[in-house]
Every structure is written in structure tokens, then in C-alpha cells.
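Next comes model_6.cif, a file with mmCIF, C-alpha atoms.
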```cif
data_query
loop_
_atom_site.label_atom_id
_atom_site.label_comp_id
_atom_site.auth_asym_id
_atom_site.auth_seq_id
_atom_site.Cartn_x
_atom_site.Cartn_y
_atom_site.Cartn_z
CA MET L 1 -12.74 -6.35 -4.24
CA ARG L 2 -14.48 -8.13 -7.09
CA GLY L 3 -13.24 -11.19 -8.89
CA SER L 4 -12.82 -14.87 -8.23
CA PHE L 5 -10.50 -15.83 -5.41
CA LYS L 6 -9.38 -19.06 -3.88
CA VAL L 7 -7.91 -19.68 -0.41
CA LEU L 8 -5.19 -22.31 -0.51
CA ILE L 9 -4.08 -23.81 2.81
CA ASP L 10 -0.75 -25.57 3.10
CA ASP L 11 -1.41 -28.74 5.11
CA LYS L 12 2.28 -29.11 5.87
CA TRP L 13 2.67 -25.83 7.79
CA CYS L 14 -0.82 -25.22 9.25
CA LYS L 15 -0.96 -25.55 13.06
CA GLY L 16 -4.75 -25.34 13.29
CA CYS L 17 -4.84 -22.24 15.53
CA GLY L 18 -8.08 -20.97 13.99
CA LEU L 19 -6.98 -17.34 13.62
CA CYS L 20 -7.92 -17.36 9.91
CA LEU L 21 -11.47 -18.51 10.72
CA ALA L 22 -11.89 -15.71 13.24
CA GLU L 23 -10.33 -13.12 10.94
CA CYS L 24 -12.34 -13.71 7.75
CA PRO L 25 -15.01 -10.99 7.50
CA LYS L 26 -17.14 -13.16 5.17
CA GLU L 27 -16.76 -16.37 7.21
CA VAL L 28 -15.43 -18.16 4.16
CA LEU L 29 -13.19 -20.49 6.15
CA ILE L 30 -14.55 -23.45 8.09
CA TRP L 31 -13.02 -26.48 9.85
CA SER L 32 -12.61 -29.17 7.19
CA GLY L 33 -12.67 -32.15 9.56
CA ARG L 34 -9.34 -33.26 8.12
CA ARG L 35 -6.10 -33.44 10.09
CA ASN L 36 -2.52 -33.09 8.90
CA ALA L 37 0.42 -35.41 9.65
CA LYS L 38 1.00 -33.69 13.01
CA GLY L 39 -2.63 -34.05 14.03
CA TYR L 40 -3.64 -30.40 13.70
CA ASN L 41 -7.19 -29.66 12.55
CA LEU L 42 -7.17 -28.08 9.12
CA PRO L 43 -9.38 -25.24 7.90
CA ALA L 44 -10.86 -25.19 4.40
CA GLU L 45 -12.79 -22.86 2.15
CA ASP L 46 -16.57 -23.18 2.45
CA PRO L 47 -17.75 -23.89 -1.13
CA ALA L 48 -21.03 -22.08 -0.42
CA LYS L 49 -19.30 -18.75 0.36
CA ALA L 50 -17.38 -16.40 -1.91
CA CYS L 51 -13.94 -15.10 -0.99
CA THR L 52 -13.51 -11.37 -1.64
CA GLY L 53 -9.71 -11.51 -1.80
CA CYS L 54 -9.05 -9.21 1.17
CA GLN L 55 -6.08 -11.39 2.21
CA LEU L 56 -6.69 -10.87 5.95
CA CYS L 57 -6.30 -14.63 6.52
CA GLU L 58 -2.99 -14.62 4.64
CA LEU L 59 -1.75 -11.67 6.73
CA ILE L 60 -2.84 -13.05 10.10
CA CYS L 61 -1.61 -16.64 9.56
CA PRO L 62 1.38 -17.00 11.94
CA ASP L 63 2.80 -19.91 9.95
CA GLN L 64 2.41 -18.28 6.52
CA ALA L 65 0.45 -21.36 5.47
CA ILE L 66 -2.23 -19.48 3.50
CA ARG L 67 -2.13 -18.20 -0.05
CA VAL L 68 -5.03 -16.27 -1.56
CA GLU L 69 -5.06 -16.73 -5.30
CA GLY L 70 -7.08 -14.95 -7.92
CA GLU L 71 -7.33 -11.83 -9.98
CA PRO L 72 -9.40 -8.77 -9.09
CA GLN L 73 -11.77 -7.82 -11.92
CA MET V 1 2.50 -21.03 1.61
CA ASN V 2 2.32 -17.52 0.23
CA ARG V 3 4.77 -15.86 -2.18
CA ILE V 4 6.42 -13.66 0.49
CA ALA V 5 7.17 -16.64 2.71
CA GLU V 6 8.49 -18.69 -0.19
CA GLN V 7 10.80 -15.88 -1.22
CA TYR V 8 12.14 -14.71 2.15
CA LEU V 9 11.99 -17.65 4.59
CA ARG V 10 14.70 -20.28 4.89
CA GLN V 11 12.63 -23.30 3.86
CA GLU V 12 14.95 -25.79 5.58
CA THR V 13 14.33 -24.15 9.00
CA LEU V 14 10.53 -24.52 8.87
CA PRO V 15 8.20 -25.08 10.63
CA MET V 16 8.73 -22.18 13.02
CA ILE V 17 9.08 -23.15 16.67
CA PHE V 18 6.20 -20.89 17.69
CA CYS V 19 3.20 -22.48 19.42
CA PRO V 20 -0.08 -22.69 17.43
CA GLY V 21 -1.72 -19.25 17.45
CA CYS V 22 1.38 -17.32 18.56
CA GLY V 23 1.51 -13.76 17.23
CA ASP V 24 5.24 -13.83 16.46
CA GLY V 25 4.70 -15.44 13.05
CA THR V 26 2.16 -12.74 12.09
CA VAL V 27 4.66 -10.01 13.04
CA LEU V 28 7.39 -11.75 11.04
CA GLY V 29 5.03 -11.96 8.06
CA ALA V 30 4.33 -8.22 8.31
CA PHE V 31 8.06 -7.50 8.52
CA LEU V 32 8.73 -9.59 5.40
CA ARG V 33 6.01 -7.71 3.50
CA ALA V 34 7.65 -4.41 4.49
CA VAL V 35 11.06 -5.72 3.35
CA ASP V 36 9.50 -6.87 0.07
CA GLU V 37 7.90 -3.48 -0.58
CA MET V 38 11.14 -1.63 0.28
CA LYS V 39 13.36 -4.07 -1.72
CA ILE V 40 16.05 -4.06 0.98
CA SER V 41 16.55 -7.77 1.68
CA ASP V 42 20.23 -7.61 0.63
CA GLN V 43 20.93 -4.66 2.98
CA LEU V 44 19.34 -6.26 6.04
CA ALA V 45 21.25 -7.30 9.15
CA LEU V 46 19.01 -8.90 11.74
CA VAL V 47 19.75 -9.39 15.42
CA GLY V 48 17.75 -11.66 17.70
CA GLY V 49 17.91 -11.91 21.45
CA ILE V 50 16.82 -14.81 23.61
CA GLY V 51 13.21 -15.84 23.95
CA CYS V 52 10.56 -16.84 21.47
CA SER V 53 10.92 -13.52 19.61
CA GLY V 54 14.70 -14.00 19.36
CA TRP V 55 13.99 -16.83 16.92
CA MET V 56 12.32 -14.58 14.37
CA PRO V 57 15.53 -13.61 12.45
CA VAL V 58 16.56 -17.28 12.26
CA TYR V 59 13.85 -17.98 9.67
CA VAL V 60 14.61 -15.01 7.43
CA ASN V 61 16.86 -15.46 4.42
CA ALA V 62 19.15 -12.57 5.43
CA ASP V 63 22.24 -12.01 7.57
CA ALA V 64 21.36 -12.65 11.20
CA ILE V 65 23.00 -12.90 14.61
CA HIS V 66 21.46 -14.71 17.56
CA THR V 67 22.97 -13.21 20.70
CA LEU V 68 22.97 -13.44 24.49
CA HIS V 69 19.91 -12.74 26.62
CA GLY V 70 19.26 -9.00 26.82
CA ARG V 71 22.27 -8.18 24.64
CA ALA V 72 20.56 -7.96 21.26
CA ILE V 73 20.58 -4.14 21.24
CA PRO V 74 24.33 -3.67 22.07
CA VAL V 75 25.20 -6.20 19.35
CA GLY V 76 22.97 -4.22 16.99
CA ILE V 77 24.77 -0.99 17.94
CA GLY V 78 28.17 -2.57 17.26
CA LEU V 79 26.93 -3.83 13.91
CA LYS V 80 25.52 -0.44 12.92
CA VAL V 81 28.66 1.46 13.98
CA THR V 82 30.97 -0.82 11.99
CA ARG V 83 28.67 -1.26 8.98
CA PRO V 84 26.55 1.92 8.83
CA GLU V 85 25.23 1.06 5.34
CA ARG V 86 23.30 -1.92 6.74
CA LYS V 87 19.67 -1.73 7.83
CA VAL V 88 19.94 -3.21 11.31
CA VAL V 89 16.72 -4.60 12.77
CA VAL V 90 16.70 -6.02 16.30
CA PHE V 91 14.00 -8.52 17.30
CA THR V 92 13.56 -8.74 21.01
CA GLY V 93 10.96 -9.64 23.59
CA ASP V 94 9.62 -7.75 26.57
CA GLY V 95 11.82 -9.62 29.03
CA ASP V 96 14.82 -9.39 26.73
CA ALA V 97 14.50 -5.64 26.00
CA ILE V 98 13.28 -4.06 29.22
CA GLY V 99 13.92 -6.82 31.76
CA ILE V 100 17.37 -8.33 31.30
CA GLY V 101 18.54 -5.75 28.77
CA GLY V 102 16.79 -2.71 30.26
CA ASN V 103 19.94 -0.64 30.63
CA HIS V 104 21.08 -1.38 27.07
CA PHE V 105 17.65 -0.38 25.82
CA ILE V 106 17.51 3.06 27.47
CA HIS V 107 21.10 3.89 26.48
CA ALA V 108 20.54 2.88 22.85
CA ALA V 109 17.55 5.24 22.84
CA ARG V 110 19.64 7.99 24.48
CA ARG V 111 22.44 7.59 21.91
CA ASN V 112 19.89 7.65 19.08
CA VAL V 113 21.60 4.89 17.10
CA ASP V 114 19.99 4.19 13.73
CA LEU V 115 18.41 0.89 14.74
CA THR V 116 14.94 -0.53 14.34
CA VAL V 117 14.01 -2.34 17.54
CA VAL V 118 10.94 -4.57 17.36
CA MET V 119 9.79 -5.58 20.82
CA ILE V 120 7.26 -8.39 20.97
CA ASN V 121 5.28 -7.92 24.17
CA ASN V 122 3.45 -11.02 25.39
CA SER V 123 3.41 -9.84 29.06
CA ILE V 124 5.17 -12.97 30.32
CA TYR V 125 8.39 -15.01 30.01
CA GLY V 126 6.94 -17.47 27.52
CA MET V 127 9.84 -19.67 26.47
CA THR V 128 10.94 -20.49 30.03
CA GLY V 129 7.47 -21.48 31.17
CA GLY V 130 5.36 -18.50 32.22
CA GLN V 131 7.30 -16.50 34.81
CA MET V 132 6.36 -12.93 35.76
CA ALA V 133 7.93 -10.31 33.47
CA PRO V 134 8.39 -6.52 33.85
CA THR V 135 5.37 -6.13 31.55
CA THR V 136 3.01 -8.48 33.43
CA PRO V 137 -0.13 -6.52 34.42
CA SER V 138 -0.64 -5.72 38.12
CA GLY V 139 -2.53 -8.45 39.91
CA ALA V 140 -1.97 -11.06 37.17
CA THR V 141 -1.27 -14.61 38.26
CA THR V 142 1.79 -16.28 36.75
CA GLN V 143 3.93 -19.23 37.70
CA THR V 144 6.12 -16.97 39.89
CA SER V 145 3.33 -14.70 41.15
CA PRO V 146 0.71 -17.21 42.38
CA TYR V 147 -0.96 -14.58 44.62
CA GLY V 148 -1.07 -11.96 41.85
CA ASN V 149 1.58 -9.57 40.58
CA PRO V 150 2.21 -6.93 43.30
CA GLU V 151 4.19 -4.71 40.90
CA GLN V 152 3.32 -2.11 38.31
CA PRO V 153 4.29 -3.03 34.70
CA PHE V 154 6.57 -0.97 32.46
CA ASP V 155 5.11 1.02 29.59
CA ALA V 156 7.93 0.33 27.12
CA CYS V 157 6.86 3.09 24.70
CA ARG V 158 6.85 5.79 27.37
CA LEU V 159 10.22 4.49 28.58
CA ALA V 160 11.68 4.66 25.06
CA GLU V 161 10.31 8.15 24.47
CA ALA V 162 11.61 9.43 27.82
CA ALA V 163 15.05 7.91 27.15
CA GLY V 164 15.26 9.75 23.82
CA ALA V 165 14.02 7.43 21.07
CA THR V 166 13.05 9.39 17.96
CA TYR V 167 10.41 7.00 16.55
CA VAL V 168 8.04 5.19 18.88
CA ALA V 169 5.02 3.18 17.75
CA ARG V 170 2.85 0.50 19.28
CA TRP V 171 0.64 -1.96 17.41
CA THR V 172 -0.77 -5.40 18.09
CA ALA V 173 -0.50 -8.69 16.21
CA GLY V 174 -4.10 -8.03 15.15
CA HIS V 175 -3.02 -5.05 13.02
CA PRO V 176 -0.80 -6.62 10.33
CA ARG V 177 -1.43 -3.96 7.66
CA GLN V 178 -0.59 -1.15 10.08
CA LEU V 179 2.51 -3.09 11.15
CA VAL V 180 3.76 -3.26 7.55
CA LYS V 181 3.49 0.54 7.35
CA ALA V 182 5.15 0.99 10.77
CA PHE V 183 8.07 -1.28 9.79
CA LYS V 184 8.61 0.73 6.61
CA GLU V 185 8.56 4.03 8.51
CA ALA V 186 10.85 2.70 11.27
CA ILE V 187 13.45 1.27 8.85
CA ASP V 188 13.47 4.54 6.88
CA HIS V 189 13.70 6.63 10.06
CA PRO V 190 17.23 7.99 10.70
CA GLY V 191 17.59 7.30 14.42
CA PHE V 192 16.45 4.95 17.14
CA ALA V 193 13.10 3.52 16.04
CA PHE V 194 11.12 1.45 18.50
CA ILE V 195 8.03 -0.61 17.70
CA GLU V 196 6.23 -2.46 20.45
CA VAL V 197 3.92 -5.21 19.23
CA VAL V 198 1.41 -6.53 21.75
CA THR V 199 0.90 -10.19 20.86
CA GLN V 200 -1.21 -13.06 22.01
CA CYS V 201 0.65 -15.88 23.78
CA PRO V 202 -2.11 -18.48 24.03
CA VAL V 203 0.04 -21.10 25.74
CA GLN V 204 1.82 -19.26 28.58
CA ALA V 205 0.05 -15.90 29.03
CA GLY V 206 -3.18 -17.62 28.03
CA ARG V 207 -2.84 -20.32 30.64
CA TYR V 208 -1.57 -18.17 33.53
CA ILE V 209 -2.79 -14.59 32.99
CA LYS V 210 -5.98 -15.03 30.98
CA GLY V 211 -7.16 -18.48 31.97
CA GLY V 212 -7.93 -19.57 28.43
CA MET V 213 -5.72 -20.89 25.66
CA ASP V 214 -7.84 -19.95 22.64
CA ALA V 215 -5.75 -17.80 20.27
CA PRO V 216 -8.59 -16.05 18.35
CA GLU V 217 -10.31 -15.15 21.63
CA PHE V 218 -7.02 -13.84 23.06
CA LEU V 219 -6.44 -11.69 19.98
CA ALA V 220 -10.00 -10.34 20.14
CA ASP V 221 -9.43 -9.37 23.80
CA ILE V 222 -6.17 -7.60 22.88
CA ARG V 223 -8.02 -5.64 20.18
CA LYS V 224 -10.67 -4.62 22.73
CA SER V 225 -8.00 -3.41 25.16
CA VAL V 226 -6.39 -0.93 22.78
CA VAL V 227 -7.41 2.50 21.46
CA PRO V 228 -5.86 4.41 18.55
CA VAL V 229 -3.97 7.56 19.66
CA ALA V 230 -6.28 9.94 17.78
CA GLN V 231 -9.30 8.46 19.53
CA ALA V 232 -7.52 8.41 22.92
CA GLU V 233 -7.05 12.20 22.74
CA ARG V 234 -10.82 12.68 22.81
CA MET V 235 -11.36 10.26 25.71
CA THR V 236 -11.50 11.10 29.42
CA PRO V 237 -8.97 9.56 31.87
CA GLU V 238 -11.80 7.37 33.26
CA GLU V 239 -12.60 5.99 29.79
CA LEU V 240 -8.89 5.39 29.17
CA ALA V 241 -8.38 3.38 32.37
CA GLY V 242 -7.03 -0.06 31.51
CA LYS V 243 -6.67 0.82 27.82
CA THR V 244 -3.44 0.82 25.85
CA ARG V 245 -2.77 3.49 23.23
CA ILE V 246 -1.74 2.19 19.79
CA GLY V 247 -0.39 3.95 16.72
CA LEU V 248 2.51 6.30 16.08
CA LEU V 249 3.21 7.68 19.57
CA HIS V 250 6.26 9.84 18.97
CA ARG V 251 8.43 11.03 16.08
CA SER V 252 11.22 13.61 16.19
CA GLN V 253 14.61 14.37 14.65
CA ARG V 254 17.98 14.80 16.37
CA PRO V 255 21.64 13.91 15.59
CA GLU V 256 22.21 10.20 15.06
CA LEU V 257 25.22 8.34 16.54
CA THR V 258 26.82 6.84 13.41
CA GLN V 259 26.63 10.20 11.59
CA GLN V 260 28.20 11.93 14.60
CA LEU V 261 31.00 9.35 14.61
CA ALA V 262 31.56 9.83 10.88
CA ALA V 263 31.83 13.59 11.45
CA ILE V 264 34.48 13.01 14.14
CA ARG V 265 36.45 10.82 11.74
CA GLY V 266 36.32 13.68 9.26
CA GLY V 267 34.02 11.93 6.88
CA GLU V 268 36.74 9.49 5.78
CA LYS V 269 35.36 6.44 4.07
CA ARG V 270 36.03 3.14 5.74
#
```
Written as C-alpha cells, how would this file's structure read?
Amino acid sequence: MRGSFKVLIDDKWCKGCGLCLAECPKEVLIWSGRRNAKGYNLPAEDPAKACTGCQLCELICPDQAIRVEGEPQ
Amino acid sequence: MNRIAEQYLRQETLPMIFCPGCGDGTVLGAFLRAVDEMKISDQLALVGGIGCSGWMPVYVNADAIHTLHGRAIPVGIGLKVTRPERKVVVFTGDGDAIGIGGNHFIHAARRNVDLTVVMINNSIYGMTGGQMAPTTPSGATTQTSPYGNPEQPFDACRLAEAAGATYVARWTAGHPRQLVKAFKEAIDHPGFAFIEVVTQCPVQAGRYIKGGMDAPEFLADIRKSVVPVAQAERMTPEELAGKTRIGLLHRSQRPELTQQLAAIRGGEKR
């Protein structure tokens, strides 16, 4: 899918399981080094990589903490 | 949080009780996407048993009952018989469905009640602390089988098919898109629809059976242990040893219980 996409991670609900990192075919997600209020490690989008909008991370996230935003061209 | 979750989850009940990396949340997400595509959220009636999976209906913004251990399916049957216009979906676990509620499960399949039964299979009693379940693989170490499981596990899909279920499918938590499709087919199916979802349980099954608590690794191993049905047909029994078949395993048509009951009543409207 072409276009510009953005992966938004909800700090409040993320439990830092790492499934989204393993699932992303383009390895767009990385560990951010930040932690949320419960102490879970938070993932973030790697600014050097481009998200293709496949939404696999959104589908696999057990806590529904991910939203992929953007419009396909 | 994504749009589906914002629309269909009860925000005041979050976060979900599931451990980090548990597959139950993924399955619930796939179910919500199916409900969203079918536009049936106001017709839903959800039933949850006891166990981690029994919590899944609690988070959904729809009518739900949380019942006794093993008794989710009989409650679902009662609900469907009294309110046949409802789409009744039962969320149950492996211990709940084929351990404690095994007899209810086979008789619901025999009666061919129009239910959708979603069985989350994590191969262990997770919520109570990792005891051996009827789905624990032979030889696996658990808290109650420290020398290895001496028993053979149940194949829930074969059991359902043999008992008379008319829709039987098996997927894993690593196949969310296929799960959305399976949920849509199962809810539309007029008769007993059974979906087994093999999920990762990084905390209990991970600790006792696998010896590692990494969720992505667990999910990758589950994906390696399954073969799609079409591919399995071309494989030899030696190649299939230790593999689990996934996909639509069985679909047939036969008279459904609530329709039979309506016919006995002479079609009178309740």
C-alpha cells in the first residue's frame, strides 16, 4: 500500500509485550527506551523507516493500543 | 487505541486483565472487527465461562453473561432457545469447554444449536496457575505433571466434528485476518459453529510447557507448528507428525434446534 502512514501507540494501554515489533514486516517499530506509568517498555516508530499501512501491528496488539493513521494514495 | 476498540470496548473496564503478550486480546480484537463489518453489535448476546477467556465478553459493549465454570455452553443454549433472534457467541477456554464442560460441549454439538463457540486453547489452566489441562501435549511438564504429562491431549475440532458440529474451524492468535473471516462465517452459519483458537500463554504455558516467557517467540513457534488444511492434504503422515491442521475443517448443513422447536410450536410467534 502506498501513502503516508503513522503508527500511534497509546502509552496508557500498552503492556510492552513486543508482539508489534515482531509482527511488522518492515521493522518499522523499535523500543523507544521510554516506560509508561506501569513500568512497561514502550515501542515507537523508527523515524528512518516508512510504514506501509498494512495494519498487522494494530491487528496483533492484544491491548488494542495501536492505531495506524494515514491515507492510501 | 484504534477506532474499533474505542467504539466497542467498555472504556471503564480497561485495561484488560490479560498478561502482557496474551493472545486473548488479539482474538477479541478480531471478533470486534467481524462484528463491526457485520453491523450486528445490537443483536449480540455474549456468554463467558470461567478462566482467562471467560473475561473476553466483559470488555465488549454488548449484552453479556459471565457464568459458572464449564457451564457457558448450556447458558448459551438457554439464551438461544428463549431469544432465537439473538446472535449468541460463547467465549470459553480449553479447560472450560472440553475439561469441566466436556459433556455440555458434545451435547450442544449433537443438538446443533445455533451458537458460535469460540474456544481459546492455551494448552494449560492459565488463570489458576498452570495446572495440566485436557489439551496439554503428551510429555509436557506443568505444575501438576512434574514428570511429564502421561496422557494424550484432546483434539477439540475432531471431537466437535464427531459429536455433530456443523461448522468447525481452527486458527491461531497469529492469524487475525483469517480469524475475522472465520468469525463472520461462524456467526452467519445456521447451526453449531465451533472455532478453536490456539493462543500463546507466555506466563503459564510459557513458563511450564515451553520454558520461555517471550510472547513473540511463543507465537512464532505456534505458527511453525501449524499447517493449513489444503497443504496438509498433500503431506505424508510422517511430515504431519506433531503438526496441527488449521483452517476450515468441516462445514455441513442439518436441522437446527431452535428451528425444530419453532416447528413443534407450530410456528407461533413468541
### Message
For Arg251 in chain V, find every residue with an atom within 8 Å (counting all atoms listed in the file), except residues of its own chain fewer than 3 positions away, and show them as a count of residues only.
### Response
4
### Task
Would you mind listing what lies within 9 Å of range 169-179 of chain V as a ChimeraX atom specification, with all atoms listed in the file counted and same-chain residues fewer than 6 positions away left out?
/L:56,59-60 /V:23-24,26-27,29-31,34,121,157,186,193-200,219-220,222-223,226,245-251
Chain L residues near chain V within 7 Å, closest pair each, using only C-alpha atoms, as a tab-separated table:
```
residue	atom	partner	partner_atom	distance
L:Asp10	CA	V:Met1	CA	5.8
L:Trp13	CA	V:Pro15	CA	6.3
L:Lys15	CA	V:Pro20	CA	5.3
L:Gly16	CA	V:Pro20	CA	6.8
L:Cys17	CA	V:Gly21	CA	4.7
L:Gly18	CA	V:Pro216	CA	6.6
L:Leu19	CA	V:Pro216	CA	5.2
L:Ala22	CA	V:Pro216	CA	6.1
L:Leu59	CA	V:Pro176	CA	6.3
L:Ile60	CA	V:Thr26	CA	5.4
L:Cys61	CA	V:Thr26	CA	6.0
L:Pro62	CA	V:Gly25	CA	3.8
L:Asp63	CA	V:Gly25	CA	5.8
L:Gln64	CA	V:Met1	CA	5.6
L:Ala65	CA	V:Met1	CA	4.4
L:Ile66	CA	V:Met1	CA	5.3
L:Arg67	CA	V:Asn2	CA	4.5
```
For C-alpha atoms, I'd like the residues from the last selection saved as a CSV table (one decimal), in the frame of the given file.
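File written: again-v6.csv
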```csv
chain,number,residue,atom,x,y,z
L,10,ASP,CA,-0.8,-25.6,3.1
L,13,TRP,CA,2.7,-25.8,7.8
L,15,LYS,CA,-1.0,-25.6,13.1
L,16,GLY,CA,-4.8,-25.3,13.3
L,17,CYS,CA,-4.8,-22.2,15.5
L,18,GLY,CA,-8.1,-21.0,14.0
L,19,LEU,CA,-7.0,-17.3,13.6
L,22,ALA,CA,-11.9,-15.7,13.2
L,59,LEU,CA,-1.8,-11.7,6.7
L,60,ILE,CA,-2.8,-13.0,10.1
L,61,CYS,CA,-1.6,-16.6,9.6
L,62,PRO,CA,1.4,-17.0,11.9
L,63,ASP,CA,2.8,-19.9,10.0
L,64,GLN,CA,2.4,-18.3,6.5
L,65,ALA,CA,0.4,-21.4,5.5
L,66,ILE,CA,-2.2,-19.5,3.5
L,67,ARG,CA,-2.1,-18.2,0.0
```
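Put simply, CA of Met56 in chain V is 10.4 Å away from CA of Ile120 in chain V.
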### Message
On this structure, the PyMOL selection byres ((chain L and resi 38-46) around 10) would catch which residues? List them as a PyMOL selection string, sorted by chain and number.
### Response
(chain L and resi 6-18+20-21+27-37+47-51) or (chain V and resi 20)
#### Entry: Evaluate the PyMOL selection byres ((chain V and resi 136) around 8) and report residues as a PyMOL selection string
chain V and resi 123-124+132-135+137-138+140+149+153
### Message
Can you measure CA of Phe105 in chain V to CA of Pro74 in chain V for me? One decimal in Å is fine.
### Response
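About the pair CA of Phe105 in chain V and CA of Pro74 in chain V: they are 8.3 Å apart.
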### Query
Quick one, how far is CA of Asn61 in chain V from CA of Glu37 in chain V?
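Interatomic distance, CA of Asn61 in chain V to CA of Glu37 in chain V: 15.8 Å.
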### Task
Would you kindly translate the PyMOL selection byres ((chain V and resi 88) around 12) into the concrete residues it picks from this file, as a ChimeraX atom specification?
/V:40-48,57,62-65,72-87,89-91,113-118,186-193
#### Entry: Residue contacts of range 238-241 of chain V (10 Å, all atoms listed in the file) excluding same-chain residues fewer than 5 positions away, as a ChimeraX atom specification
/V:225-227,232-233
## Note on the structure
Using all atoms listed in the file, the best pick from V:Val180, V:Ile209, V:Val229, V:Val35 as closest to Gly148 in chain V would be V:Ile209
### Message
List the spatial neighbours of Leu159 in chain V as a list in words - criterion: any atom at most 10 Å away, all atoms listed in the file, same-chain residues fewer than 4 positions off excluded.
### Response
Ile98, Gly102, Phe105, Ile106, Ala109, Phe154, Asp155, Ala163, Gly164, Ala165 and Val168 of chain V
If we count only C-alpha atoms, what is near Arg111 in chain V at a cut-off of 8 Å, once residues fewer than 3 positions away on the same chain are taken out, given as a compact mmCIF listing (two decimals) with C-alpha atoms, keeping the file's coordinate frame?
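Output (part.txt):
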```txt
# COMPACT_ATOMS: atom_id res chain seq x y z
CA HIS V 107 21.10 3.89 26.48
CA ALA V 108 20.54 2.88 22.85
CA GLY V 164 15.26 9.75 23.82
CA GLU V 256 22.21 10.20 15.06
CA LEU V 257 25.22 8.34 16.54
```
Give, as JSON, the centre coordinates and the x, y and z edge lengths in Å to one decimal for an axis-aligned box around all listed atoms of range 25-31 of chain L, padded by 5 Å on each side.
```
{"center_x": -15.1, "center_y": -18.7, "center_z": 7.0, "size_x": 14.1, "size_y": 25.5, "size_z": 15.7}
```
